[in-house]
Amino acid sequence: MSETSGDKEKILSAVGGKKGLIDAGFPALVFLISFNITKDLWNSLIASIIISAILTIIRLVMKDTIQHALSGFIGTLISAWLANRTGNPSDLYLNKFAVNLGSFTVYLIGNLARWPILGILLGPILGENLAWRNDPVRRAAYIRASWIFVVLFLVRLVVQIPIYFADNVNLLGTVNLAMGTPLYIAAAYLAWLVLKDVPKTIPPKVEEETN
C-alpha cells in the first residue's frame with residue numbers, strides 16, 4: 001500500500017469509515033421506521049436506544065474501536081431525552097443541530113485564526129503532529145481542506161432547520177440520514193484529495209532519527 005493510500009485510509013478511519021456509518025445512521029433509521037409504523041414516539045425512541053446500545057456492545061465484543069459507537073449511543077440518549085421531554089418527534093434532531101452549529105463555529109474560527117482544525121486532528125494521525133504549522137504550504141492545504149467541513153456543517157443547518165420548523169419529521173429524518181455520515185465521509189475524501197499532493201511536514205526529531 002502506498003503512503004498516499006495509507007493516509008487516505010487513516011483519514012477515512014478517523015471519521016468512522018463503514019462501521020461509523022452503521023453506528024451513527026442505523027439507530028436513526030430504526031427510529032424513523034418504527035415511528036412511521038407505530039406512530040408511538042416513546043417506543044420508537046426506546047427502539048433506537050436499544051439498537052445503539054447493541055452496536056456499542058458488538059464493537060466491544062469484537063474489540064473494534066468504540067469511539068463512534070459510544071459517541072453515537074450518547075448522542076442517541078441526548079436526542080431521545082429532548083424528543084421525549086417536548087413530545088415533538090422532530091426534536092430528536094435538536095442535538096444534531098447544536099453539534100453542527102458548534103462544529104461550524106469551531107472550524108470557521110480555526111481557519112480564520114490560521115489554526116485549521118483538520119491540521120490539529122490529523123497531524124498526530126499522519127505523523128506530523130503540529131510540525132505543519134511551520135510549513136506555509138502544508139498549513140494552507142489544511143486550511144483549504146477545513147473549509148470543506150465549514151461548508152458541510154453550514155449546508156446541513158441551512159437545509160435541515162427549515163424542514164424542522166415545517167414539522168415534517170419524515171423528510172427531516174430522511175435528509176438528516178443522507179447528510180449525516182455518508183456526507184461526512186465524502187467530505188473526508190475531498191479533504192484527502194486536497195492534502196494528498198502536498199508533502200507532509202516531518203517533525204524535526206523524526207527526521208533526525210530517519211537520517
# chains A, B, ... in the order shown; residues from 1 in each chain; ligands from 1
call {"tool": "residues_around", "arguments": {"residues": "range 91-106 of chain A", "least_positions_apart": "3", "cutoff": "9 Å", "atoms": "only C-alpha atoms", "output": "PyMOL selection string"}}
result
chain A and resi 45+75-76+78-84+86-88+109-111+117+149-154+156-157+160-161+164+169+172-173+176
call {"tool": "write_last_selection", "arguments": {"atoms": "N, CA and C atoms", "output": "compact mmCIF listing (two decimals), in the first residue's frame"}}
result
# COMPACT_ATOMS: atom_id res chain seq x y z
N LEU A 45 -38.33 5.77 20.30
CA LEU A 45 -37.12 6.23 20.96
C LEU A 45 -36.40 5.07 21.65
N GLY A 75 -25.14 10.32 21.92
CA GLY A 75 -25.95 11.24 21.14
C GLY A 75 -27.40 10.79 21.02
N THR A 76 -27.60 9.48 20.87
CA THR A 76 -28.96 8.94 20.80
C THR A 76 -29.72 9.17 22.10
N ILE A 78 -29.18 11.58 24.34
CA ILE A 78 -29.49 13.01 24.46
C ILE A 78 -30.65 13.39 23.55
N SER A 79 -30.61 12.92 22.32
CA SER A 79 -31.67 13.22 21.36
C SER A 79 -33.01 12.66 21.82
N ALA A 80 -32.98 11.43 22.34
CA ALA A 80 -34.21 10.81 22.83
C ALA A 80 -34.77 11.58 24.01
N TRP A 81 -33.89 12.03 24.89
CA TRP A 81 -34.34 12.81 26.06
C TRP A 81 -35.03 14.10 25.62
N LEU A 82 -34.44 14.78 24.63
CA LEU A 82 -35.03 16.03 24.14
C LEU A 82 -36.41 15.79 23.52
N ALA A 83 -36.51 14.77 22.66
CA ALA A 83 -37.77 14.49 21.98
C ALA A 83 -38.84 14.05 22.97
N ASN A 84 -38.45 13.22 23.94
CA ASN A 84 -39.42 12.75 24.94
C ASN A 84 -39.87 13.88 25.85
N THR A 86 -40.22 17.08 25.13
CA THR A 86 -41.15 18.00 24.48
C THR A 86 -42.34 17.29 23.84
N GLY A 87 -42.16 15.98 23.57
CA GLY A 87 -43.22 15.23 22.90
C GLY A 87 -43.28 15.48 21.41
N ASN A 88 -42.27 16.19 20.89
CA ASN A 88 -42.22 16.50 19.46
C ASN A 88 -41.16 15.62 18.81
N ILE A 109 -13.64 29.50 13.08
CA ILE A 109 -12.70 30.26 13.89
C ILE A 109 -11.28 29.73 13.71
N GLY A 110 -11.16 28.39 13.66
CA GLY A 110 -9.84 27.79 13.46
C GLY A 110 -9.20 28.25 12.17
N ASN A 111 -9.97 28.30 11.09
CA ASN A 111 -9.43 28.75 9.80
C ASN A 111 -9.06 30.23 9.82
N ILE A 117 -8.63 23.17 12.07
CA ILE A 117 -8.96 22.06 12.95
C ILE A 117 -8.49 20.73 12.36
N PHE A 149 -15.25 21.27 5.48
CA PHE A 149 -16.10 20.94 6.62
C PHE A 149 -16.90 22.14 7.11
N VAL A 150 -16.33 23.33 6.97
CA VAL A 150 -17.10 24.54 7.30
C VAL A 150 -18.37 24.58 6.45
N VAL A 151 -18.20 24.34 5.15
CA VAL A 151 -19.33 24.33 4.22
C VAL A 151 -20.30 23.19 4.56
N LEU A 152 -19.75 22.01 4.86
CA LEU A 152 -20.59 20.86 5.20
C LEU A 152 -21.52 21.17 6.36
N PHE A 153 -20.97 21.68 7.47
CA PHE A 153 -21.79 21.95 8.65
C PHE A 153 -22.81 23.05 8.38
N LEU A 154 -22.40 24.05 7.60
CA LEU A 154 -23.32 25.14 7.29
C LEU A 154 -24.47 24.66 6.42
N ARG A 156 -25.72 21.65 6.17
CA ARG A 156 -26.62 20.84 6.98
C ARG A 156 -27.64 21.72 7.71
N LEU A 157 -27.16 22.80 8.31
CA LEU A 157 -28.05 23.69 9.06
C LEU A 157 -29.03 24.41 8.14
N GLN A 160 -31.62 21.73 6.82
CA GLN A 160 -32.46 20.97 7.75
C GLN A 160 -33.30 21.83 8.71
N ILE A 161 -32.81 23.00 9.09
CA ILE A 161 -33.56 23.81 10.05
C ILE A 161 -34.93 24.24 9.50
N TYR A 164 -37.21 21.39 9.89
CA TYR A 164 -37.60 21.23 11.30
C TYR A 164 -38.78 22.14 11.65
N VAL A 169 -41.34 15.46 10.13
CA VAL A 169 -40.35 14.57 10.75
C VAL A 169 -39.83 13.53 9.78
N LEU A 172 -37.37 15.34 7.47
CA LEU A 172 -36.21 15.73 8.27
C LEU A 172 -35.34 14.52 8.58
N GLY A 173 -35.98 13.40 8.96
CA GLY A 173 -35.22 12.19 9.26
C GLY A 173 -34.48 11.66 8.05
N ASN A 176 -31.66 14.09 7.16
CA ASN A 176 -30.61 14.00 8.18
C ASN A 176 -29.73 12.78 7.98
call {"tool": "residues_around", "arguments": {"residues": "range 138-143 of chain A", "least_positions_apart": "4", "cutoff": "12 Å", "atoms": "only C-alpha atoms", "output": "PyMOL selection string"}}
result
chain A and resi 107-123+128+130-134+147-150+188+190-202
call {"tool": "write_last_selection", "arguments": {"atoms": "C-alpha atoms", "output": "compact mmCIF listing (two decimals), in the first residue's frame"}}
result
# COMPACT_ATOMS: atom_id res chain seq x y z
CA TYR A 107 -13.87 25.08 12.20
CA LEU A 108 -14.58 28.64 11.00
CA ILE A 109 -12.70 30.26 13.89
CA GLY A 110 -9.84 27.79 13.46
CA ASN A 111 -9.43 28.75 9.80
CA LEU A 112 -9.68 32.47 10.47
CA ALA A 113 -7.04 32.11 13.21
CA ARG A 114 -4.91 30.02 10.80
CA TRP A 115 -5.11 27.04 13.16
CA PRO A 116 -7.18 24.72 10.91
CA ILE A 117 -8.96 22.06 12.95
CA LEU A 118 -8.11 19.32 10.45
CA GLY A 119 -4.43 20.01 11.00
CA ILE A 120 -4.88 19.64 14.75
CA LEU A 121 -6.88 16.43 14.37
CA LEU A 122 -4.97 14.76 11.55
CA GLY A 123 -1.43 15.94 12.33
CA GLU A 128 3.19 15.31 11.55
CA LEU A 130 1.95 20.20 14.77
CA ALA A 131 5.07 20.50 12.58
CA TRP A 132 2.81 21.60 9.70
CA ARG A 133 2.40 24.94 11.48
CA ASN A 134 5.92 25.87 10.34
CA TRP A 147 -13.15 24.86 4.52
CA ILE A 148 -14.82 21.74 3.13
CA PHE A 149 -16.10 20.94 6.62
CA VAL A 150 -17.10 24.54 7.30
CA ALA A 188 -13.20 13.48 4.41
CA LEU A 190 -12.38 15.50 -0.58
CA ALA A 191 -10.10 16.66 2.24
CA TRP A 192 -7.72 13.82 1.42
CA LEU A 193 -7.72 14.88 -2.25
CA VAL A 194 -6.67 18.36 -1.13
CA LEU A 195 -3.91 17.06 1.17
CA LYS A 196 -2.51 14.13 -0.80
CA ASP A 197 -0.39 16.12 -3.26
CA VAL A 198 1.10 18.40 -0.60
CA PRO A 199 4.15 16.81 1.09
CA LYS A 200 3.74 16.11 4.79
CA THR A 201 5.86 18.02 7.28
CA ILE A 202 8.18 15.68 9.14
call {"tool": "residues_around", "arguments": {"residues": "Phe35 in chain A", "least_positions_apart": "3", "cutoff": "12 Å", "atoms": "only C-alpha atoms", "output": "list of chain:residue names"}}
result
A:Ala28, A:Leu29, A:Val30, A:Phe31, A:Leu32, A:Thr38, A:Lys39, A:Asp40, A:Leu41, A:Trp42, A:Asn43, A:Ser44, A:Leu45, A:Ile46, A:Ala47, A:Ser48, A:Asn88, A:Pro89, A:Ser90, A:Leu92, A:Val169, A:Asn170, A:Gly173
call {"tool": "write_last_selection", "arguments": {"atoms": "C-alpha atoms", "output": "PDB file, in the first residue's frame"}}
result
ATOM      1  CA  ALA A  28     -31.833   6.951  13.470  1.00  0.00           C
ATOM      2  CA  LEU A  29     -33.137   4.737  10.671  1.00  0.00           C
ATOM      3  CA  VAL A  30     -34.750   2.378  13.204  1.00  0.00           C
ATOM      4  CA  PHE A  31     -36.453   5.342  14.887  1.00  0.00           C
ATOM      5  CA  LEU A  32     -37.805   6.627  11.590  1.00  0.00           C
ATOM      6  CA  THR A  38     -46.397   2.683  15.250  1.00  0.00           C
ATOM      7  CA  LYS A  39     -46.823   6.481  15.470  1.00  0.00           C
ATOM      8  CA  ASP A  40     -45.572   5.977  19.038  1.00  0.00           C
ATOM      9  CA  LEU A  41     -42.773   8.371  19.974  1.00  0.00           C
ATOM     10  CA  TRP A  42     -41.735   6.630  23.211  1.00  0.00           C
ATOM     11  CA  ASN A  43     -41.471   3.121  21.752  1.00  0.00           C
ATOM     12  CA  SER A  44     -39.605   4.439  18.719  1.00  0.00           C
ATOM     13  CA  LEU A  45     -37.118   6.227  20.957  1.00  0.00           C
ATOM     14  CA  ILE A  46     -36.583   3.082  23.040  1.00  0.00           C
ATOM     15  CA  ALA A  47     -36.019   1.051  19.846  1.00  0.00           C
ATOM     16  CA  SER A  48     -33.313   3.455  18.635  1.00  0.00           C
ATOM     17  CA  ASN A  88     -42.217  16.503  19.461  1.00  0.00           C
ATOM     18  CA  PRO A  89     -40.567  13.807  17.262  1.00  0.00           C
ATOM     19  CA  SER A  90     -38.676  16.484  15.294  1.00  0.00           C
ATOM     20  CA  LEU A  92     -34.889  14.263  18.144  1.00  0.00           C
ATOM     21  CA  VAL A 169     -40.355  14.571  10.750  1.00  0.00           C
ATOM     22  CA  ASN A 170     -40.217  12.061   7.882  1.00  0.00           C
ATOM     23  CA  GLY A 173     -35.222  12.188   9.260  1.00  0.00           C
TER      24      GLY A 173
END
call {"tool": "select_by_dssp", "arguments": {"residues": "range 71-184 of chain A", "states": "alpha helix (DSSP H)", "output": "number ranges by chain"}}
result
A: 71-86, 94-112, 117-125, 136-165, 169-178, 181-184
call {"tool": "residues_around", "arguments": {"residues": "range 177-183 of chain A", "least_positions_apart": "2", "cutoff": "7 Å", "atoms": "only C-alpha atoms", "output": "list of chain:residue names"}}
result
A:Leu21, A:Ala24, A:Gly25, A:Arg156, A:Gly173, A:Thr174, A:Val175, A:Ile185, A:Ala186, A:Ala187
call {"tool": "decode", "arguments": {"residues": "range 117-175 of chain A", "atoms": "C-alpha atoms", "output": "PDB file, in the first residue's frame"}}
result
ATOM      1  CA  ILE A 117      -8.960  22.062  12.948  1.00  0.00           C
ATOM      2  CA  LEU A 118      -8.109  19.319  10.452  1.00  0.00           C
ATOM      3  CA  GLY A 119      -4.434  20.005  10.996  1.00  0.00           C
ATOM      4  CA  ILE A 120      -4.876  19.644  14.753  1.00  0.00           C
ATOM      5  CA  LEU A 121      -6.882  16.430  14.373  1.00  0.00           C
ATOM      6  CA  LEU A 122      -4.966  14.763  11.554  1.00  0.00           C
ATOM      7  CA  GLY A 123      -1.435  15.937  12.330  1.00  0.00           C
ATOM      8  CA  PRO A 124      -0.833  13.254  15.012  1.00  0.00           C
ATOM      9  CA  ILE A 125      -2.591  10.582  12.910  1.00  0.00           C
ATOM     10  CA  LEU A 126      -0.427  11.317   9.862  1.00  0.00           C
ATOM     11  CA  GLY A 127       2.794  11.536  11.882  1.00  0.00           C
ATOM     12  CA  GLU A 128       3.186  15.311  11.552  1.00  0.00           C
ATOM     13  CA  ASN A 129       1.976  16.374  14.986  1.00  0.00           C
ATOM     14  CA  LEU A 130       1.953  20.197  14.771  1.00  0.00           C
ATOM     15  CA  ALA A 131       5.067  20.495  12.579  1.00  0.00           C
ATOM     16  CA  TRP A 132       2.813  21.596   9.701  1.00  0.00           C
ATOM     17  CA  ARG A 133       2.403  24.937  11.484  1.00  0.00           C
ATOM     18  CA  ASN A 134       5.923  25.868  10.339  1.00  0.00           C
ATOM     19  CA  ASP A 135       5.225  24.843   6.737  1.00  0.00           C
ATOM     20  CA  PRO A 136       3.156  27.557   4.970  1.00  0.00           C
ATOM     21  CA  VAL A 137       2.250  25.272   2.062  1.00  0.00           C
ATOM     22  CA  ARG A 138       1.080  22.376   4.242  1.00  0.00           C
ATOM     23  CA  ARG A 139      -0.759  24.728   6.595  1.00  0.00           C
ATOM     24  CA  ALA A 140      -2.546  26.331   3.632  1.00  0.00           C
ATOM     25  CA  ALA A 141      -3.582  22.836   2.475  1.00  0.00           C
ATOM     26  CA  TYR A 142      -5.065  22.062   5.878  1.00  0.00           C
ATOM     27  CA  ILE A 143      -6.951  25.361   5.782  1.00  0.00           C
ATOM     28  CA  ARG A 144      -8.370  24.562   2.332  1.00  0.00           C
ATOM     29  CA  ALA A 145      -9.378  21.086   3.492  1.00  0.00           C
ATOM     30  CA  SER A 146     -11.002  22.512   6.626  1.00  0.00           C
ATOM     31  CA  TRP A 147     -13.150  24.859   4.523  1.00  0.00           C
ATOM     32  CA  ILE A 148     -14.823  21.740   3.126  1.00  0.00           C
ATOM     33  CA  PHE A 149     -16.102  20.939   6.623  1.00  0.00           C
ATOM     34  CA  VAL A 150     -17.096  24.539   7.298  1.00  0.00           C
ATOM     35  CA  VAL A 151     -19.333  24.330   4.217  1.00  0.00           C
ATOM     36  CA  LEU A 152     -20.589  20.858   5.197  1.00  0.00           C
ATOM     37  CA  PHE A 153     -21.787  21.951   8.650  1.00  0.00           C
ATOM     38  CA  LEU A 154     -23.322  25.141   7.286  1.00  0.00           C
ATOM     39  CA  VAL A 155     -25.199  23.342   4.493  1.00  0.00           C
ATOM     40  CA  ARG A 156     -26.621  20.840   6.981  1.00  0.00           C
ATOM     41  CA  LEU A 157     -28.045  23.685   9.063  1.00  0.00           C
ATOM     42  CA  VAL A 158     -29.347  25.698   6.111  1.00  0.00           C
ATOM     43  CA  VAL A 159     -31.134  22.679   4.614  1.00  0.00           C
ATOM     44  CA  GLN A 160     -32.455  20.975   7.749  1.00  0.00           C
ATOM     45  CA  ILE A 161     -33.562  23.811  10.046  1.00  0.00           C
ATOM     46  CA  PRO A 162     -36.364  24.995   7.703  1.00  0.00           C
ATOM     47  CA  ILE A 163     -37.598  21.384   7.497  1.00  0.00           C
ATOM     48  CA  TYR A 164     -37.596  21.231  11.299  1.00  0.00           C
ATOM     49  CA  PHE A 165     -39.771  24.340  11.554  1.00  0.00           C
ATOM     50  CA  ALA A 166     -42.072  22.867   8.894  1.00  0.00           C
ATOM     51  CA  ASP A 167     -42.558  19.980  11.376  1.00  0.00           C
ATOM     52  CA  ASN A 168     -42.029  17.310   8.711  1.00  0.00           C
ATOM     53  CA  VAL A 169     -40.355  14.571  10.750  1.00  0.00           C
ATOM     54  CA  ASN A 170     -40.217  12.061   7.882  1.00  0.00           C
ATOM     55  CA  LEU A 171     -38.478  14.444   5.498  1.00  0.00           C
ATOM     56  CA  LEU A 172     -36.215  15.727   8.267  1.00  0.00           C
ATOM     57  CA  GLY A 173     -35.222  12.188   9.260  1.00  0.00           C
ATOM     58  CA  THR A 174     -34.514  11.185   5.660  1.00  0.00           C
ATOM     59  CA  VAL A 175     -32.482  14.301   4.892  1.00  0.00           C
TER      60      VAL A 175
END
